[in-house]
Amino acid sequence: MPDRSETMRRDPVDLDRAHVWHPFTQAGQDPAPVEIVSGQGATLKAADGTEYLDLISSWWVNLHGHAHPAIAAAIAEQAARLEQVIFADFTHAPAARLAARLADLLPQGLDRVFFSDNGSTAVEVALKLALQYWRNQGQEERRRFAAFSGGYHGDTVGAMSVGAGSGFFGAYETLLFDAEILPFPETWDGDAEIEEKEAAALAAARRFLDAHGGEVAGVIIEPLVQGAGGMRMCRPGFLRALKAAVRDAGALLIFDEVMTGFGRTGAMFACEKAGVTPDLVCLAKGLTGGFLPLAATVCREQVFEAFLGPEFDRALAHGHSFTANPLGCAAALASLDLIESEDSLARVEAMARLHRERLGDLATRSNKVSRARVQGCIAAFDVAAPDGGYTSAVGQDLKRFFLERGLLIRPLGNVVYLMPPYCIEDDELHRAYDAIAEALRYV
Ligand code: PLP
């Protein structure tokens, strides 16, 4: 037997360097990872005692702060009762209650919940549901999908296919199915050309749908904010017009609210803020308050009904070992309670005001800031750089600059953004903006 005590004695970062493969990381050049040992509120504590203010909610998942005692207690209580049970032929109260609460919170008509494990699987399920919905009704010709340039929907094959417009997946191109990538009318504060961009984007969507609408199963979009593509924002009116175009083509509209869900944009869901009820919604990330991996694809009852019948062939042949894991569902119920009891939406609105004030100020003082934009707790701007895009060198420099000052801010290339947990204090947010102002003097 290998000597376990040796492993337990060794520095975790050494062990990590020897054995762990990290996501979205060029291990050949990136520095060793920081070992985090605990978290409280918006602060993460490293093994060497350094504190990091988490301004990106640990990849957009954390809502109420790290190690929040109410969610930790809900998970512990559930773990002592039932940690997991097969979700085919069986159910449990946390899943049933969570499904009912999601249906209550989402716009009317979105009533049926399929659970999975993460944002990518929530999207994968939405694509499979849309495809089979038509197949089950004898419309097998409806098998194409349309998505948007700059859109990102996750890293599984279907999600990558509709996320081809994000530019991340060159290495996997041969795996992907062909999706139509439509223009996205990205806008920012003071954008004088937004009307023209929206009209052009809508005309392109209409042109595609007029020509091919009968072959389209679904159109997928991140509503109001495209995340990984660079925190690119659009206006609610565009989503309403898109909904009309998709409806006229008879296809399904899929909102990927993996990032925008649970209050990020100032409303519980971006679809509510936009005044659009899609046919399917994908949820993950903030669903459990950022504690456990859990996702949901929620659809209209009419979609679910198309899968009913005597033959198994009509059923959705999809499931994961941990579908509707009770611990995740208990965490999600506790997180939904906190959104209410801590009045998270009001907190997000207050954060949006602070963002607008400080970002507006940065934009007027520094000619390196362009395309300043705010949507709820999300604030972003582009930094003038010779090389734009995700691999822009300025992003790596800024990341290091912020880390050295105890700030977890991880630019998407030359796009700097903040998306803090709702518990962050105003003075903590001001500290971040002060550091950004300082950074801009050096880039
Ligand atoms: N969809 C959107 C809009 C996302 O932002 C992400 C992740 O960033 C995903 C899907 C994929 O989620 P996950 O990383 O949980 O698979």
# chains A, B, ... in the order shown; residues from 1 in each chain; ligands from 1
$ residues_around --residues "A:Arg441" --least-positions-apart "5" --cutoff "12 Å" --atoms "only C-alpha atoms" --output "ChimeraX atom specification"
/A:362,365-369,383,398,401,434-436
$ closest_atom_pairs --of "chain A" --to "ligand 1" --cutoff "7 Å" --atoms "only C-alpha atoms and all ligand atoms" --output "Markdown table"
| residue | atom | partner | partner_atom_place_in_ligand_line | distance |
| --- | --- | --- | --- | --- |
| A:Asn118 | CA | ligand 1 | 15 (O) | 4.0 |
| A:Gly119 | CA | ligand 1 | 12 (O) | 3.2 |
| A:Ser120 | CA | ligand 1 | 16 (O) | 3.7 |
| A:Thr121 | CA | ligand 1 | 16 (O) | 6.5 |
| A:Val123 | CA | ligand 1 | 10 (C) | 6.6 |
| A:Tyr152 | CA | ligand 1 | 2 (C) | 5.8 |
| A:His153 | CA | ligand 1 | 1 (N) | 3.7 |
| A:Gly154 | CA | ligand 1 | 11 (C) | 3.5 |
| A:Asp155 | CA | ligand 1 | 16 (O) | 6.3 |
| A:Glu222 | CA | ligand 1 | 3 (C) | 5.7 |
| A:Gln226 | CA | ligand 1 | 3 (C) | 6.6 |
| A:Gly227 | CA | ligand 1 | 5 (O) | 5.2 |
| A:Ala228 | CA | ligand 1 | 5 (O) | 5.8 |
| A:Asp256 | CA | ligand 1 | 3 (C) | 5.5 |
| A:Glu257 | CA | ligand 1 | 3 (C) | 6.0 |
| A:Val258 | CA | ligand 1 | 2 (C) | 4.7 |
| A:Met259 | CA | ligand 1 | 5 (O) | 4.8 |
| A:Ala284 | CA | ligand 1 | 15 (O) | 6.3 |
| A:Lys285 | CA | ligand 1 | 15 (O) | 5.9 |
$ select_by_dssp --residues "stretch 16-112 of chain A" --states "alpha helix (DSSP H)" --output "PyMOL selection string"
chain A and resi 16-19+57-60+69-81+93-105
$ select_by_dssp --residues "stretch 210-386 of chain A" --states "strand (DSSP E or B)" --output "number ranges by chain"
A: 216-221, 225-226, 232-233, 252-256, 280-283, 295-300, 369-375, 378-383
$ closest_residue --among "A:Val20, A:Leu407, A:Val303, A:Leu336" --to "A:Leu131" --atoms "only C-alpha atoms"
A:Val303
$ closest_residue --among "A:Met231, A:Leu287, A:Ala245, A:Ala217" --to "A:Gln137" --atoms "only C-alpha atoms"
A:Ala217
$ residues_around --residues "A:Ala164" --least-positions-apart "3" --cutoff "12 Å" --atoms "only C-alpha atoms" --output "ChimeraX atom specification"
/A:145-161,167-182,229
